[in-house]
Structures are given as C-alpha cells and as structure tokens.
Amino acid sequence: MEVSLEVDRSDLADTAQPDKLAAILIGQIKQQLDTLLPLPVEAVAKACGILDIQEMETDAFEGGLIQNEAKSHGYILLRAGRGPHRSRFTIAHELGHFVNLRHVAPPGSDRMLCNKDDLRNSELTSRGRHGMEAQANEFASCLLMPAKEVMTNSFMRGSAEMSRILELHTLCGVSKEAAARRYAQLHGDDFAVVFSKDGKYIYSIRGGEFPWIDLRKGQELFHKTHARVFDGTSGAISDQEESDAHWWLNDRDARRWNLWEEVLIQDSGFRMTLVLGEREDDE
C-alpha cells in the first residue's frame, strides 16, 4: 500500500540551504510515519507537488526535473535500469532542485537534466549550475540519511569499519556509494573510501582530516595494495591490514600517516576500499 503524506511547502520558502530544507521536510513527515527509515521518498516527492516519476531508456542523463515556472508542480525523470537504491537518491536529488526556489532551469527551458558527475558533485562552494547540483546532492543525503536519526544507531559509534557503512546502506535504502559519503560526513574518523574497477582508481571520499589520495582517475592501484591482492567472491570483506602510506599518499603526507586497508569486493570488478589513517604525531 502506497504511503500518503502531507507537506506544507510554505515552510520551505524561507531558506535555500539544502540541509535546512531537508530538516523541515523530515520534521513535517516523521509524525505521519510509523518508521522514518528507509524514507518513502516517492511519497515525499508527490506530497511536495511532483505529479509523476517516470523511467526512461536513455544515456543522456541520470535524472531530470520538469517544472512549471511557479514550481507548483513538476515531473521527475529517471534513467531506467539503475536499481532501486540509486533511483531513490536520484529522486531525492531532483526533489532538492524542485523545493529550492533558487534552482531554476536554464533560460528558455522548463527542465533540468543531471548526469552521473552531477550526482557525485559535493563542491557546495561552487557557483551556478555546479553549485546547484552539489546542493541537490546535499539535500538528498540529508533527506534520506537524516543526521539526528542516523547518529542514534550503534554502527555510528566506534572506529570506522566497512560493515558499518553497509549497515547505513541497508537502513536507509541508499547505494553503498551514497552511504559511504554520508558516513564520512558524520562519523568523524580520519579515513578515505576508495572506489576502483579492475584495479584502477575511480575516485575517493575523505572523512575527518584524511589527506588527498595521490592518484588520478584511471591510474592503476599499486600492485601490493590490499585493494589489489585481496581475493574473494562478491560481498566478501577483508580484514583490516596494515598498508604502506606511499601506495596512497604523496611523499610529504606519507611520512606523517600510518594506514590500514579494508576491502569490499563488488560485482563486475568494482571494489570499495576503506583506507584508515592515524597520524604519526597523534601517537
């Protein structure tokens, strides 16, 4: 049975900050639900004025929003075949554009189309379109994984572990990638989550004061890293193994950090590697 919710959008008109917009929505809907998480994001979108959510066979975009000039109603478009977890985040991202009165379509158009890079953009200080995409991602993260509710869970306490990222992923019904990003925002430990495919670096997420990973997209991971040598079937998680900081960091940072790796094997050659750090001067 589909959940029916009510939202008073007039409460959203006083702010354009994505975290505050998400908090206002959470405050309105949590009293209407027996269980807040995983959030019924489609019902939230429809309560805000989204008339329909449609999947499309396309390679041109990951998500899109068609809205009238007054933003009283709109339609969300999804690239078909992306799986429920990624689709939920895309819906929340497009809803972030819709409820933010400052997010408008390009001149002469009634739609905003978002690609894969847009849905990873975290540069909130950017201006223009890039800034709007980062704000929509922040809104989606805060809406689907609200800090107050997430932080009450035991998996947010203790040192960072891959299994705890997966618990957040399951609780909130988001992708492992989105869960890793939110975990890094909220947890506080110094670590990075590195995404790779077939032994080649894609990108990374940093938590705490962990330094930049000194790799370029498409670059081969060092052959001795646990991320390369750990063997197992999809879903297997390695032990946390000591790592050489020079395999991941530039020389200056490598002299200051001790590192450990924990690897999650995924399908089709993809891997997530939790690289935990401890600064030498912290010992």
# chains A, B, ... in the order shown; residues from 1 in each chain; ligands from 1
>>> residues_around(residues="range 140-157 of chain A", least_positions_apart="5", cutoff="8 Å", atoms="only C-alpha atoms", output="list in words")
Pro18, Asp19, Ala22, Ala23, Leu25, Ile26, Leu37, Pro38, Leu39, Val41, Phe89, Thr90, Ala92, His93, Leu95, Gly96, Arg164, Glu167, Leu168, Cys172, Val174, Ala178, Arg182, Tyr183, Leu186 and His187 of chain A
>>> write_last_selection(atoms="N, CA and C atoms", output="PDB file, in the first residue's frame")
ATOM      1  N   PRO A  18      20.297  23.566   1.684  1.00  0.00           N
ATOM      2  CA  PRO A  18      19.782  22.202   1.467  1.00  0.00           C
ATOM      3  C   PRO A  18      19.567  21.400   2.738  1.00  0.00           C
ATOM      4  N   ASP A  19      20.467  21.529   3.729  1.00  0.00           N
ATOM      5  CA  ASP A  19      20.288  20.765   4.964  1.00  0.00           C
ATOM      6  C   ASP A  19      19.065  21.234   5.731  1.00  0.00           C
ATOM      7  N   ALA A  22      15.866  19.942   3.985  1.00  0.00           N
ATOM      8  CA  ALA A  22      15.643  18.534   4.309  1.00  0.00           C
ATOM      9  C   ALA A  22      15.124  18.382   5.733  1.00  0.00           C
ATOM     10  N   ALA A  23      15.686  19.147   6.668  1.00  0.00           N
ATOM     11  CA  ALA A  23      15.265  19.049   8.070  1.00  0.00           C
ATOM     12  C   ALA A  23      13.800  19.472   8.239  1.00  0.00           C
ATOM     13  N   LEU A  25      11.419  19.216   5.980  1.00  0.00           N
ATOM     14  CA  LEU A  25      10.589  18.128   5.459  1.00  0.00           C
ATOM     15  C   LEU A  25      10.536  16.948   6.421  1.00  0.00           C
ATOM     16  N   ILE A  26      11.689  16.570   6.957  1.00  0.00           N
ATOM     17  CA  ILE A  26      11.719  15.468   7.926  1.00  0.00           C
ATOM     18  C   ILE A  26      10.825  15.792   9.114  1.00  0.00           C
ATOM     19  N   LEU A  37      12.776   5.498   8.511  1.00  0.00           N
ATOM     20  CA  LEU A  37      13.795   4.960   7.606  1.00  0.00           C
ATOM     21  C   LEU A  37      13.505   3.495   7.266  1.00  0.00           C
ATOM     22  N   PRO A  38      13.646   3.102   5.998  1.00  0.00           N
ATOM     23  CA  PRO A  38      14.019   3.954   4.875  1.00  0.00           C
ATOM     24  C   PRO A  38      12.889   4.906   4.488  1.00  0.00           C
ATOM     25  N   LEU A  39      13.226   6.124   4.159  1.00  0.00           N
ATOM     26  CA  LEU A  39      12.246   7.159   3.860  1.00  0.00           C
ATOM     27  C   LEU A  39      11.465   6.818   2.587  1.00  0.00           C
ATOM     28  N   VAL A  41      10.575   8.019  -0.261  1.00  0.00           N
ATOM     29  CA  VAL A  41      10.939   9.246  -0.968  1.00  0.00           C
ATOM     30  C   VAL A  41       9.968   9.583  -2.091  1.00  0.00           C
ATOM     31  N   PHE A  89      18.067   7.854  -4.589  1.00  0.00           N
ATOM     32  CA  PHE A  89      18.903   9.050  -4.422  1.00  0.00           C
ATOM     33  C   PHE A  89      18.630  10.047  -5.542  1.00  0.00           C
ATOM     34  N   THR A  90      18.445   9.557  -6.768  1.00  0.00           N
ATOM     35  CA  THR A  90      18.168  10.460  -7.882  1.00  0.00           C
ATOM     36  C   THR A  90      16.847  11.192  -7.674  1.00  0.00           C
ATOM     37  N   ALA A  92      15.487  11.933  -4.797  1.00  0.00           N
ATOM     38  CA  ALA A  92      15.730  12.929  -3.755  1.00  0.00           C
ATOM     39  C   ALA A  92      16.542  14.109  -4.291  1.00  0.00           C
ATOM     40  N   HIS A  93      17.496  13.832  -5.171  1.00  0.00           N
ATOM     41  CA  HIS A  93      18.292  14.894  -5.795  1.00  0.00           C
ATOM     42  C   HIS A  93      17.402  15.839  -6.599  1.00  0.00           C
ATOM     43  N   LEU A  95      14.190  16.208  -6.331  1.00  0.00           N
ATOM     44  CA  LEU A  95      13.298  16.891  -5.396  1.00  0.00           C
ATOM     45  C   LEU A  95      14.019  18.077  -4.761  1.00  0.00           C
ATOM     46  N   GLY A  96      15.323  17.932  -4.511  1.00  0.00           N
ATOM     47  CA  GLY A  96      16.105  19.040  -3.970  1.00  0.00           C
ATOM     48  C   GLY A  96      16.102  20.239  -4.900  1.00  0.00           C
ATOM     49  N   ARG A 164      30.016  -1.210   8.859  1.00  0.00           N
ATOM     50  CA  ARG A 164      29.141  -0.158   9.374  1.00  0.00           C
ATOM     51  C   ARG A 164      28.617   0.733   8.257  1.00  0.00           C
ATOM     52  N   GLU A 167      25.758  -1.201   6.948  1.00  0.00           N
ATOM     53  CA  GLU A 167      24.563  -1.088   7.794  1.00  0.00           C
ATOM     54  C   GLU A 167      23.799   0.192   7.479  1.00  0.00           C
ATOM     55  N   LEU A 168      24.509   1.284   7.246  1.00  0.00           N
ATOM     56  CA  LEU A 168      23.862   2.546   6.875  1.00  0.00           C
ATOM     57  C   LEU A 168      23.174   2.399   5.518  1.00  0.00           C
ATOM     58  N   CYS A 172      18.975   2.826   5.314  1.00  0.00           N
ATOM     59  CA  CYS A 172      18.411   3.982   4.624  1.00  0.00           C
ATOM     60  C   CYS A 172      18.028   3.698   3.174  1.00  0.00           C
ATOM     61  N   VAL A 174      19.900   3.266   0.464  1.00  0.00           N
ATOM     62  CA  VAL A 174      20.679   4.044  -0.499  1.00  0.00           C
ATOM     63  C   VAL A 174      21.805   3.166  -1.045  1.00  0.00           C
ATOM     64  N   ALA A 178      26.571   6.250  -1.760  1.00  0.00           N
ATOM     65  CA  ALA A 178      25.921   7.325  -1.009  1.00  0.00           C
ATOM     66  C   ALA A 178      26.088   7.124   0.492  1.00  0.00           C
ATOM     67  N   ARG A 182      27.952   9.731   3.239  1.00  0.00           N
ATOM     68  CA  ARG A 182      27.290  10.246   4.442  1.00  0.00           C
ATOM     69  C   ARG A 182      28.020   9.778   5.704  1.00  0.00           C
ATOM     70  N   TYR A 183      28.490   8.546   5.687  1.00  0.00           N
ATOM     71  CA  TYR A 183      29.258   8.013   6.819  1.00  0.00           C
ATOM     72  C   TYR A 183      30.501   8.866   7.048  1.00  0.00           C
ATOM     73  N   LEU A 186      29.549  12.196   8.736  1.00  0.00           N
ATOM     74  CA  LEU A 186      29.018  12.173  10.098  1.00  0.00           C
ATOM     75  C   LEU A 186      29.916  11.490  11.125  1.00  0.00           C
ATOM     76  N   HIS A 187      30.774  10.571  10.688  1.00  0.00           N
ATOM     77  CA  HIS A 187      31.464   9.722  11.658  1.00  0.00           C
ATOM     78  C   HIS A 187      32.561  10.443  12.428  1.00  0.00           C
TER      79      HIS A 187
END
>>> select_by_dssp(residues="range 85-174 of chain A", states="strand (DSSP E or B)", output="list in words")
Arg111, Met112, Leu113 and Cys114 of chain A
>>> write_last_selection(atoms="C-alpha atoms", output="PDB file, in the first residue's frame")
ATOM      1  CA  ARG A 111      13.727  21.220 -17.343  1.00  0.00           C
ATOM      2  CA  MET A 112      16.962  20.409 -15.552  1.00  0.00           C
ATOM      3  CA  LEU A 113      18.869  17.292 -16.653  1.00  0.00           C
ATOM      4  CA  CYS A 114      21.547  15.803 -14.395  1.00  0.00           C
TER       5      CYS A 114
END
>>> residues_around(residues="Glu133 in chain A", least_positions_apart="2", cutoff="10 Å", atoms="only C-alpha atoms", output="list in words")
His93, Glu94, Gly96, His97, His103, Cys114, Asn115, Asp117, Asp118, Leu119, Arg120, Asn121, Ser122, Glu123, Leu124, Ser126, Arg127, Gly128, Arg129, His130, Gly131, Gln135, Ala136, Asn137, Glu138 and Phe139 of chain A
>>> write_last_selection(atoms="N, CA, C and O atoms", output="short mmCIF file (atom, residue, chain, number, x, y, z; two decimals), in the first residue's frame")
data_model
loop_
_atom_site.label_atom_id
_atom_site.label_comp_id
_atom_site.auth_asym_id
_atom_site.auth_seq_id
_atom_site.Cartn_x
_atom_site.Cartn_y
_atom_site.Cartn_z
N HIS A 93 17.50 13.83 -5.17
CA HIS A 93 18.29 14.89 -5.79
C HIS A 93 17.40 15.84 -6.60
O HIS A 93 17.48 17.07 -6.45
N GLU A 94 16.55 15.27 -7.46
CA GLU A 94 15.66 16.10 -8.28
C GLU A 94 14.64 16.84 -7.40
O GLU A 94 14.29 17.99 -7.69
N GLY A 96 15.32 17.93 -4.51
CA GLY A 96 16.10 19.04 -3.97
C GLY A 96 16.10 20.24 -4.90
O GLY A 96 16.03 21.39 -4.45
N HIS A 97 16.17 20.00 -6.21
CA HIS A 97 16.04 21.10 -7.16
C HIS A 97 14.64 21.72 -7.08
O HIS A 97 14.48 22.95 -7.14
N HIS A 103 16.70 27.20 -7.49
CA HIS A 103 17.13 26.27 -8.52
C HIS A 103 16.16 26.37 -9.70
O HIS A 103 15.04 25.85 -9.65
N CYS A 114 20.37 16.01 -15.24
CA CYS A 114 21.55 15.80 -14.40
C CYS A 114 22.26 14.52 -14.81
O CYS A 114 21.62 13.46 -14.93
N ASN A 115 23.58 14.60 -15.00
CA ASN A 115 24.35 13.43 -15.39
C ASN A 115 25.00 12.76 -14.19
O ASN A 115 24.80 13.19 -13.04
N ASP A 117 28.10 12.68 -13.14
CA ASP A 117 29.01 13.55 -12.38
C ASP A 117 28.24 14.54 -11.52
O ASP A 117 28.67 14.87 -10.41
N ASP A 118 27.10 15.03 -12.00
CA ASP A 118 26.26 15.93 -11.20
C ASP A 118 25.83 15.26 -9.90
O ASP A 118 25.79 15.90 -8.84
N LEU A 119 25.53 13.96 -9.97
CA LEU A 119 25.04 13.24 -8.80
C LEU A 119 26.16 12.85 -7.84
O LEU A 119 25.90 12.25 -6.79
N ARG A 120 27.42 13.20 -8.17
CA ARG A 120 28.55 13.00 -7.27
C ARG A 120 29.15 14.31 -6.79
O ARG A 120 30.05 14.33 -5.97
N ASN A 121 28.65 15.42 -7.32
CA ASN A 121 29.23 16.74 -7.03
C ASN A 121 29.01 17.11 -5.56
O ASN A 121 27.87 17.13 -5.09
N SER A 122 30.09 17.39 -4.85
CA SER A 122 29.98 17.77 -3.44
C SER A 122 30.57 19.15 -3.16
O SER A 122 30.74 19.52 -2.00
N GLU A 123 30.86 19.92 -4.22
CA GLU A 123 31.50 21.23 -4.07
C GLU A 123 30.44 22.29 -3.78
O GLU A 123 30.00 23.02 -4.67
N LEU A 124 30.05 22.40 -2.51
CA LEU A 124 28.99 23.32 -2.14
C LEU A 124 29.37 24.78 -2.33
O LEU A 124 28.50 25.65 -2.39
N SER A 126 30.80 25.92 -4.99
CA SER A 126 30.73 26.25 -6.42
C SER A 126 29.53 27.14 -6.70
O SER A 126 28.53 27.14 -5.98
N ARG A 127 29.64 27.89 -7.79
CA ARG A 127 28.54 28.77 -8.20
C ARG A 127 27.84 28.20 -9.42
O ARG A 127 28.31 27.27 -10.05
N GLY A 128 26.70 28.81 -9.75
CA GLY A 128 25.98 28.42 -10.95
C GLY A 128 25.45 27.01 -10.89
O GLY A 128 25.07 26.50 -9.84
N ARG A 129 25.44 26.37 -12.05
CA ARG A 129 24.86 25.04 -12.16
C ARG A 129 25.57 24.04 -11.26
O ARG A 129 24.92 23.19 -10.62
N HIS A 130 26.91 24.09 -11.20
CA HIS A 130 27.65 23.13 -10.38
C HIS A 130 27.28 23.27 -8.91
O HIS A 130 27.16 22.29 -8.18
N GLY A 131 27.09 24.50 -8.46
CA GLY A 131 26.67 24.72 -7.09
C GLY A 131 25.29 24.16 -6.82
O GLY A 131 25.04 23.57 -5.75
N GLN A 135 24.29 21.25 -4.10
CA GLN A 135 23.24 21.49 -3.11
C GLN A 135 22.15 20.43 -3.18
O GLN A 135 21.64 19.98 -2.15
N ALA A 136 21.80 20.00 -4.40
CA ALA A 136 20.79 18.95 -4.55
C ALA A 136 21.29 17.63 -3.97
O ALA A 136 20.51 16.87 -3.37
N ASN A 137 22.58 17.35 -4.11
CA ASN A 137 23.14 16.15 -3.50
C ASN A 137 23.15 16.24 -1.98
O ASN A 137 22.87 15.25 -1.30
N GLU A 138 23.48 17.40 -1.46
CA GLU A 138 23.47 17.58 0.00
C GLU A 138 22.05 17.40 0.53
O GLU A 138 21.84 16.75 1.57
N PHE A 139 21.08 17.98 -0.16
CA PHE A 139 19.68 17.81 0.24
C PHE A 139 19.29 16.33 0.25
O PHE A 139 18.70 15.84 1.21
#
>>> closest_residue(among="A:Val44, A:Gly64, A:Gly27, A:Ile91", to="Asp110 in chain A", atoms="only C-alpha atoms")
A:Gly64
>>> atom_distance(atom1="CA of Leu264 in chain A", atom2="CA of Ile237 in chain A")
4.6 Å
>>> decode(residues="range 123-149 of chain A", atoms="N, CA, C and O atoms", output="compact mmCIF listing (two decimals), in the first residue's frame")
# COMPACT_ATOMS: atom_id res chain seq x y z
N GLU A 123 30.86 19.92 -4.22
CA GLU A 123 31.50 21.23 -4.07
C GLU A 123 30.44 22.29 -3.78
O GLU A 123 30.00 23.02 -4.67
N LEU A 124 30.05 22.40 -2.51
CA LEU A 124 28.99 23.32 -2.14
C LEU A 124 29.37 24.78 -2.33
O LEU A 124 28.50 25.65 -2.39
N THR A 125 30.66 25.08 -2.43
CA THR A 125 31.09 26.46 -2.62
C THR A 125 31.06 26.87 -4.09
O THR A 125 31.28 28.04 -4.41
N SER A 126 30.80 25.92 -4.99
CA SER A 126 30.73 26.25 -6.42
C SER A 126 29.53 27.14 -6.70
O SER A 126 28.53 27.14 -5.98
N ARG A 127 29.64 27.89 -7.79
CA ARG A 127 28.54 28.77 -8.20
C ARG A 127 27.84 28.20 -9.42
O ARG A 127 28.31 27.27 -10.05
N GLY A 128 26.70 28.81 -9.75
CA GLY A 128 25.98 28.42 -10.95
C GLY A 128 25.45 27.01 -10.89
O GLY A 128 25.07 26.50 -9.84
N ARG A 129 25.44 26.37 -12.05
CA ARG A 129 24.86 25.04 -12.16
C ARG A 129 25.57 24.04 -11.26
O ARG A 129 24.92 23.19 -10.62
N HIS A 130 26.91 24.09 -11.20
CA HIS A 130 27.65 23.13 -10.38
C HIS A 130 27.28 23.27 -8.91
O HIS A 130 27.16 22.29 -8.18
N GLY A 131 27.09 24.50 -8.46
CA GLY A 131 26.67 24.72 -7.09
C GLY A 131 25.29 24.16 -6.82
O GLY A 131 25.04 23.57 -5.75
N MET A 132 24.38 24.32 -7.77
CA MET A 132 23.03 23.77 -7.60
C MET A 132 23.06 22.25 -7.52
O MET A 132 22.32 21.65 -6.72
N GLU A 133 23.91 21.60 -8.33
CA GLU A 133 24.00 20.14 -8.28
C GLU A 133 24.55 19.66 -6.94
O GLU A 133 24.07 18.68 -6.37
N ALA A 134 25.56 20.35 -6.42
CA ALA A 134 26.11 19.98 -5.12
C ALA A 134 25.07 20.17 -4.02
O ALA A 134 24.96 19.34 -3.11
N GLN A 135 24.29 21.25 -4.10
CA GLN A 135 23.24 21.49 -3.11
C GLN A 135 22.15 20.43 -3.18
O GLN A 135 21.64 19.98 -2.15
N ALA A 136 21.80 20.00 -4.40
CA ALA A 136 20.79 18.95 -4.55
C ALA A 136 21.29 17.63 -3.97
O ALA A 136 20.51 16.87 -3.37
N ASN A 137 22.58 17.35 -4.11
CA ASN A 137 23.14 16.15 -3.50
C ASN A 137 23.15 16.24 -1.98
O ASN A 137 22.87 15.25 -1.30
N GLU A 138 23.48 17.40 -1.46
CA GLU A 138 23.47 17.58 0.00
C GLU A 138 22.05 17.40 0.53
O GLU A 138 21.84 16.75 1.57
N PHE A 139 21.08 17.98 -0.16
CA PHE A 139 19.68 17.81 0.24
C PHE A 139 19.29 16.33 0.25
O PHE A 139 18.70 15.84 1.21
N ALA A 140 19.63 15.61 -0.83
CA ALA A 140 19.27 14.20 -0.94
C ALA A 140 19.89 13.38 0.18
O ALA A 140 19.24 12.52 0.78
N SER A 141 21.15 13.65 0.48
CA SER A 141 21.84 12.93 1.55
C SER A 141 21.19 13.19 2.90
O SER A 141 20.95 12.28 3.69
N CYS A 142 20.88 14.46 3.17
CA CYS A 142 20.27 14.83 4.46
C CYS A 142 18.85 14.31 4.57
O CYS A 142 18.38 14.00 5.67
N LEU A 143 18.13 14.23 3.46
CA LEU A 143 16.76 13.75 3.49
C LEU A 143 16.70 12.24 3.69
O LEU A 143 15.93 11.73 4.51
N LEU A 144 17.52 11.50 2.94
CA LEU A 144 17.48 10.04 3.00
C LEU A 144 18.23 9.48 4.20
O LEU A 144 17.92 8.38 4.67
N MET A 145 19.22 10.24 4.70
CA MET A 145 20.03 9.79 5.83
C MET A 145 20.13 10.91 6.86
O MET A 145 21.21 11.47 7.09
N PRO A 146 19.00 11.30 7.47
CA PRO A 146 19.00 12.45 8.39
C PRO A 146 19.92 12.21 9.58
O PRO A 146 19.90 11.14 10.20
N ALA A 147 20.75 13.22 9.86
CA ALA A 147 21.82 13.06 10.86
C ALA A 147 21.28 12.65 12.22
O ALA A 147 21.82 11.75 12.88
N LYS A 148 20.22 13.29 12.69
CA LYS A 148 19.70 13.03 14.03
C LYS A 148 19.30 11.57 14.18
O LYS A 148 19.63 10.92 15.19
N GLU A 149 18.62 11.03 13.19
CA GLU A 149 18.15 9.65 13.26
C GLU A 149 19.29 8.66 13.02
O GLU A 149 19.37 7.62 13.67
